[in-house]
Amino acid sequence: MAEEYEMVYFDIYGRAEPTRMLLSHAKASWKDTLVTGEILKAKKEAGELPNGQVPVIIHKGKVLNESMAILRYTGNNLGYYPKDEFEAYKVDALTDFVNGELENCAGHIFTKDFSEAKQTKYAETLEKIVKKVSKDLEEHKGKFVCGEKISTADC
Ligand SMILES: N[C@@H](CCC(=O)N[C@@H](CS)C(=O)NCC(=O)O)C(=O)O
């Protein structure tokens, strides 16, 4: 029987990793379909990718794009996203913060710009994220970043 979820992305951590971790933790029925630059180009030309990019996740015959929306979607389906609106806001706020910070510096890895300035920026960004998450963990006195229960923000 085919897996319920199919993640399509490069063989790197990157934008698919939070959802891959969630699917693994949830023991969901899923598989990774790894692409190369060439495969991506072919899929793009064949019109298989909604905005011409990866990751996409294929679920119930639908091809869903945008990594953070994918994370929320799978989180919602698999019990990792709060029903309470304020709790959901907290999860989104932290996820958006971390993702936004990483957007500012992850590109260096692809452009292979390892200049001192970029390294400093990278280290500062990671420190900012660790400080924020550590403070949240302390406040909740728990194992999870947004409270008593694991959520998409922990991915
Ligand atoms: N906002 C999108 C960005 C997706 C994105 O930039 N994907 C890159 C790989 S990490 C891609 O497919 N690049 C190929 C291209 O744009 O042609 C998301 O978070 O999913």
# chains A, B, ... in the order shown; residues from 1 in each chain; ligands from 1
>>> closest_atom_pairs(of="chain A", to="ligand 1", cutoff="9 Å", atoms="only C-alpha atoms and all ligand atoms", output="JSON lines")
{"residue": "A:Tyr9", "atom": "CA", "partner": "ligand 1", "partner_atom_place_in_ligand_line": "9 (C)", "distance": 7.7}
{"residue": "A:Phe10", "atom": "CA", "partner": "ligand 1", "partner_atom_place_in_ligand_line": "9 (C)", "distance": 7.6}
{"residue": "A:Gly14", "atom": "CA", "partner": "ligand 1", "partner_atom_place_in_ligand_line": "10 (S)", "distance": 6.4}
{"residue": "A:Arg15", "atom": "CA", "partner": "ligand 1", "partner_atom_place_in_ligand_line": "10 (S)", "distance": 5.9}
{"residue": "A:Ala16", "atom": "CA", "partner": "ligand 1", "partner_atom_place_in_ligand_line": "20 (O)", "distance": 7.9}
{"residue": "A:Gly37", "atom": "CA", "partner": "ligand 1", "partner_atom_place_in_ligand_line": "14 (C)", "distance": 7.8}
{"residue": "A:Leu40", "atom": "CA", "partner": "ligand 1", "partner_atom_place_in_ligand_line": "14 (C)", "distance": 7.3}
{"residue": "A:Lys41", "atom": "CA", "partner": "ligand 1", "partner_atom_place_in_ligand_line": "17 (O)", "distance": 7.4}
{"residue": "A:Lys44", "atom": "CA", "partner": "ligand 1", "partner_atom_place_in_ligand_line": "17 (O)", "distance": 8.1}
{"residue": "A:Asn51", "atom": "CA", "partner": "ligand 1", "partner_atom_place_in_ligand_line": "16 (O)", "distance": 8.3}
{"residue": "A:Gly52", "atom": "CA", "partner": "ligand 1", "partner_atom_place_in_ligand_line": "17 (O)", "distance": 6.1}
{"residue": "A:Gln53", "atom": "CA", "partner": "ligand 1", "partner_atom_place_in_ligand_line": "12 (O)", "distance": 3.3}
{"residue": "A:Val54", "atom": "CA", "partner": "ligand 1", "partner_atom_place_in_ligand_line": "12 (O)", "distance": 4.0}
{"residue": "A:Pro55", "atom": "CA", "partner": "ligand 1", "partner_atom_place_in_ligand_line": "20 (O)", "distance": 5.5}
{"residue": "A:Val56", "atom": "CA", "partner": "ligand 1", "partner_atom_place_in_ligand_line": "20 (O)", "distance": 7.5}
{"residue": "A:Asn65", "atom": "CA", "partner": "ligand 1", "partner_atom_place_in_ligand_line": "20 (O)", "distance": 6.1}
{"residue": "A:Glu66", "atom": "CA", "partner": "ligand 1", "partner_atom_place_in_ligand_line": "20 (O)", "distance": 3.5}
{"residue": "A:Ser67", "atom": "CA", "partner": "ligand 1", "partner_atom_place_in_ligand_line": "20 (O)", "distance": 3.8}
{"residue": "A:Met68", "atom": "CA", "partner": "ligand 1", "partner_atom_place_in_ligand_line": "19 (O)", "distance": 6.0}
{"residue": "A:Ala69", "atom": "CA", "partner": "ligand 1", "partner_atom_place_in_ligand_line": "20 (O)", "distance": 8.2}
{"residue": "A:Ile70", "atom": "CA", "partner": "ligand 1", "partner_atom_place_in_ligand_line": "20 (O)", "distance": 8.2}
{"residue": "A:Asn99", "atom": "CA", "partner": "ligand 1", "partner_atom_place_in_ligand_line": "19 (O)", "distance": 8.8}
>>> select_by_dssp(residues="range 12-144 of chain A", states="helix (DSSP H, G or I)", output="VMD selection string")
chain A and resid 14 to 25 37 to 45 67 to 78 85 to 103 107 to 111 116 to 140
>>> select_by_dssp(residues="range 9-110 of chain A", states="strand (DSSP E or B)", output="number ranges by chain")
A: 9-10, 30-35, 56-59, 62-65
>>> atom_distance(atom1="CA of Gly47 in chain A", atom2="CA of Tyr5 in chain A")
19.8 Å
>>> closest_residue(among="A:Glu4, A:Glu48, A:Glu38, A:Glu124", to="Cys105 in chain A", atoms="only C-alpha atoms")
A:Glu124
>>> residues_around(residues="Gly147 in chain A", least_positions_apart="3", cutoff="10 Å", atoms="only C-alpha atoms", output="ChimeraX atom specification")
/A:87,90-91,136-137,139-144,150-151
>>> atom_distance(atom1="CA of His25 in chain A", atom2="CA of Asn76 in chain A")
14.1 Å
>>> residues_around(residues="Leu94 in chain A", least_positions_apart="4", cutoff="9 Å", atoms="only C-alpha atoms", output="PDB file with C-alpha atoms, in the first residue's frame")
ATOM      1  CA  TYR A  89      -0.719  31.763  17.860  1.00  0.00           C
ATOM      2  CA  LYS A  90       2.204  31.048  20.239  1.00  0.00           C
ATOM      3  CA  VAL A  98      12.953  30.834  13.945  1.00  0.00           C
ATOM      4  CA  ASN A  99      12.167  30.456  10.250  1.00  0.00           C
ATOM      5  CA  LYS A 132      14.817  32.832  22.699  1.00  0.00           C
ATOM      6  CA  VAL A 133      14.047  29.101  22.760  1.00  0.00           C
ATOM      7  CA  VAL A 145       8.921  25.007  23.630  1.00  0.00           C
ATOM      8  CA  CYS A 146       5.280  26.106  23.713  1.00  0.00           C
ATOM      9  CA  ALA A 153       7.212  24.589  17.065  1.00  0.00           C
TER      10      ALA A 153
END
>>> decode(residues="range 67-103 of chain A", atoms="N, CA and C atoms", output="PDB file, in the first residue's frame")
ATOM      1  N   SER A  67       6.847  25.424   2.821  1.00  0.00           N
ATOM      2  CA  SER A  67       7.307  24.558   3.905  1.00  0.00           C
ATOM      3  C   SER A  67       6.600  24.782   5.253  1.00  0.00           C
ATOM      4  N   MET A  68       6.345  26.037   5.603  1.00  0.00           N
ATOM      5  CA  MET A  68       5.742  26.274   6.916  1.00  0.00           C
ATOM      6  C   MET A  68       4.250  25.931   6.925  1.00  0.00           C
ATOM      7  N   ALA A  69       3.597  26.154   5.770  1.00  0.00           N
ATOM      8  CA  ALA A  69       2.185  25.755   5.654  1.00  0.00           C
ATOM      9  C   ALA A  69       2.081  24.230   5.682  1.00  0.00           C
ATOM     10  N   ILE A  70       3.065  23.563   5.064  1.00  0.00           N
ATOM     11  CA  ILE A  70       3.109  22.093   5.077  1.00  0.00           C
ATOM     12  C   ILE A  70       3.263  21.589   6.517  1.00  0.00           C
ATOM     13  N   LEU A  71       4.130  22.268   7.264  1.00  0.00           N
ATOM     14  CA  LEU A  71       4.361  21.866   8.661  1.00  0.00           C
ATOM     15  C   LEU A  71       3.063  22.005   9.477  1.00  0.00           C
ATOM     16  N   ARG A  72       2.384  23.133   9.306  1.00  0.00           N
ATOM     17  CA  ARG A  72       1.119  23.337  10.039  1.00  0.00           C
ATOM     18  C   ARG A  72       0.068  22.317   9.610  1.00  0.00           C
ATOM     19  N   TYR A  73       0.004  22.059   8.309  1.00  0.00           N
ATOM     20  CA  TYR A  73      -0.996  21.134   7.768  1.00  0.00           C
ATOM     21  C   TYR A  73      -0.800  19.724   8.344  1.00  0.00           C
ATOM     22  N   THR A  74       0.448  19.244   8.288  1.00  0.00           N
ATOM     23  CA  THR A  74       0.694  17.888   8.808  1.00  0.00           C
ATOM     24  C   THR A  74       0.532  17.890  10.332  1.00  0.00           C
ATOM     25  N   GLY A  75       0.971  18.997  10.964  1.00  0.00           N
ATOM     26  CA  GLY A  75       0.832  19.106  12.415  1.00  0.00           C
ATOM     27  C   GLY A  75      -0.629  19.036  12.827  1.00  0.00           C
ATOM     28  N   ASN A  76      -1.459  19.745  12.103  1.00  0.00           N
ATOM     29  CA  ASN A  76      -2.903  19.732  12.352  1.00  0.00           C
ATOM     30  C   ASN A  76      -3.475  18.329  12.198  1.00  0.00           C
ATOM     31  N   ASN A  77      -3.070  17.663  11.138  1.00  0.00           N
ATOM     32  CA  ASN A  77      -3.596  16.313  10.861  1.00  0.00           C
ATOM     33  C   ASN A  77      -3.152  15.300  11.898  1.00  0.00           C
ATOM     34  N   LEU A  78      -1.934  15.499  12.439  1.00  0.00           N
ATOM     35  CA  LEU A  78      -1.344  14.436  13.266  1.00  0.00           C
ATOM     36  C   LEU A  78      -1.288  14.790  14.756  1.00  0.00           C
ATOM     37  N   GLY A  79      -1.971  15.867  15.143  1.00  0.00           N
ATOM     38  CA  GLY A  79      -2.086  16.187  16.573  1.00  0.00           C
ATOM     39  C   GLY A  79      -0.923  16.977  17.149  1.00  0.00           C
ATOM     40  N   TYR A  80      -0.228  17.742  16.302  1.00  0.00           N
ATOM     41  CA  TYR A  80       0.918  18.530  16.786  1.00  0.00           C
ATOM     42  C   TYR A  80       0.637  20.034  16.705  1.00  0.00           C
ATOM     43  N   TYR A  81      -0.633  20.387  16.525  1.00  0.00           N
ATOM     44  CA  TYR A  81      -0.969  21.805  16.379  1.00  0.00           C
ATOM     45  C   TYR A  81      -2.161  22.100  17.278  1.00  0.00           C
ATOM     46  N   PRO A  82      -2.031  23.116  18.176  1.00  0.00           N
ATOM     47  CA  PRO A  82      -3.090  23.345  19.159  1.00  0.00           C
ATOM     48  C   PRO A  82      -4.427  23.734  18.531  1.00  0.00           C
ATOM     49  N   LYS A  83      -5.483  23.284  19.174  1.00  0.00           N
ATOM     50  CA  LYS A  83      -6.838  23.674  18.738  1.00  0.00           C
ATOM     51  C   LYS A  83      -7.145  25.071  19.263  1.00  0.00           C
ATOM     52  N   ASP A  84      -6.629  25.363  20.463  1.00  0.00           N
ATOM     53  CA  ASP A  84      -6.867  26.674  21.076  1.00  0.00           C
ATOM     54  C   ASP A  84      -6.180  27.768  20.248  1.00  0.00           C
ATOM     55  N   GLU A  85      -6.913  28.849  19.961  1.00  0.00           N
ATOM     56  CA  GLU A  85      -6.375  29.871  19.056  1.00  0.00           C
ATOM     57  C   GLU A  85      -5.145  30.580  19.605  1.00  0.00           C
ATOM     58  N   PHE A  86      -5.150  30.846  20.916  1.00  0.00           N
ATOM     59  CA  PHE A  86      -4.006  31.549  21.495  1.00  0.00           C
ATOM     60  C   PHE A  86      -2.776  30.634  21.532  1.00  0.00           C
ATOM     61  N   GLU A  87      -3.010  29.364  21.875  1.00  0.00           N
ATOM     62  CA  GLU A  87      -1.890  28.397  21.871  1.00  0.00           C
ATOM     63  C   GLU A  87      -1.334  28.260  20.444  1.00  0.00           C
ATOM     64  N   ALA A  88      -2.246  28.243  19.473  1.00  0.00           N
ATOM     65  CA  ALA A  88      -1.818  28.127  18.068  1.00  0.00           C
ATOM     66  C   ALA A  88      -1.015  29.369  17.670  1.00  0.00           C
ATOM     67  N   TYR A  89      -1.457  30.523  18.141  1.00  0.00           N
ATOM     68  CA  TYR A  89      -0.719  31.763  17.860  1.00  0.00           C
ATOM     69  C   TYR A  89       0.712  31.645  18.401  1.00  0.00           C
ATOM     70  N   LYS A  90       0.863  31.138  19.635  1.00  0.00           N
ATOM     71  CA  LYS A  90       2.204  31.048  20.239  1.00  0.00           C
ATOM     72  C   LYS A  90       3.111  30.116  19.414  1.00  0.00           C
ATOM     73  N   VAL A  91       2.533  29.025  18.981  1.00  0.00           N
ATOM     74  CA  VAL A  91       3.290  28.066  18.163  1.00  0.00           C
ATOM     75  C   VAL A  91       3.710  28.732  16.844  1.00  0.00           C
ATOM     76  N   ASP A  92       2.774  29.437  16.217  1.00  0.00           N
ATOM     77  CA  ASP A  92       3.088  30.118  14.949  1.00  0.00           C
ATOM     78  C   ASP A  92       4.135  31.205  15.150  1.00  0.00           C
ATOM     79  N   ALA A  93       3.997  31.966  16.232  1.00  0.00           N
ATOM     80  CA  ALA A  93       4.917  33.086  16.464  1.00  0.00           C
ATOM     81  C   ALA A  93       6.346  32.567  16.603  1.00  0.00           C
ATOM     82  N   LEU A  94       6.507  31.489  17.362  1.00  0.00           N
ATOM     83  CA  LEU A  94       7.862  30.960  17.555  1.00  0.00           C
ATOM     84  C   LEU A  94       8.395  30.358  16.245  1.00  0.00           C
ATOM     85  N   THR A  95       7.534  29.623  15.556  1.00  0.00           N
ATOM     86  CA  THR A  95       7.949  29.007  14.291  1.00  0.00           C
ATOM     87  C   THR A  95       8.346  30.089  13.280  1.00  0.00           C
ATOM     88  N   ASP A  96       7.548  31.146  13.198  1.00  0.00           N
ATOM     89  CA  ASP A  96       7.850  32.225  12.245  1.00  0.00           C
ATOM     90  C   ASP A  96       9.138  32.944  12.627  1.00  0.00           C
ATOM     91  N   PHE A  97       9.340  33.114  13.936  1.00  0.00           N
ATOM     92  CA  PHE A  97      10.568  33.771  14.401  1.00  0.00           C
ATOM     93  C   PHE A  97      11.793  32.964  13.955  1.00  0.00           C
ATOM     94  N   VAL A  98      11.788  31.673  14.274  1.00  0.00           N
ATOM     95  CA  VAL A  98      12.953  30.834  13.945  1.00  0.00           C
ATOM     96  C   VAL A  98      13.149  30.778  12.430  1.00  0.00           C
ATOM     97  N   ASN A  99      12.057  30.563  11.712  1.00  0.00           N
ATOM     98  CA  ASN A  99      12.167  30.456  10.250  1.00  0.00           C
ATOM     99  C   ASN A  99      12.664  31.770   9.641  1.00  0.00           C
ATOM    100  N   GLY A 100      12.142  32.875  10.133  1.00  0.00           N
ATOM    101  CA  GLY A 100      12.550  34.182   9.619  1.00  0.00           C
ATOM    102  C   GLY A 100      14.027  34.432   9.859  1.00  0.00           C
ATOM    103  N   GLU A 101      14.493  34.075  11.052  1.00  0.00           N
ATOM    104  CA  GLU A 101      15.917  34.263  11.361  1.00  0.00           C
ATOM    105  C   GLU A 101      16.782  33.401  10.452  1.00  0.00           C
ATOM    106  N   LEU A 102      16.358  32.153  10.257  1.00  0.00           N
ATOM    107  CA  LEU A 102      17.168  31.252   9.434  1.00  0.00           C
ATOM    108  C   LEU A 102      17.167  31.687   7.969  1.00  0.00           C
ATOM    109  N   GLU A 103      16.056  32.257   7.516  1.00  0.00           N
ATOM    110  CA  GLU A 103      15.980  32.766   6.132  1.00  0.00           C
ATOM    111  C   GLU A 103      17.102  33.771   5.873  1.00  0.00           C
TER     112      GLU A 103
END
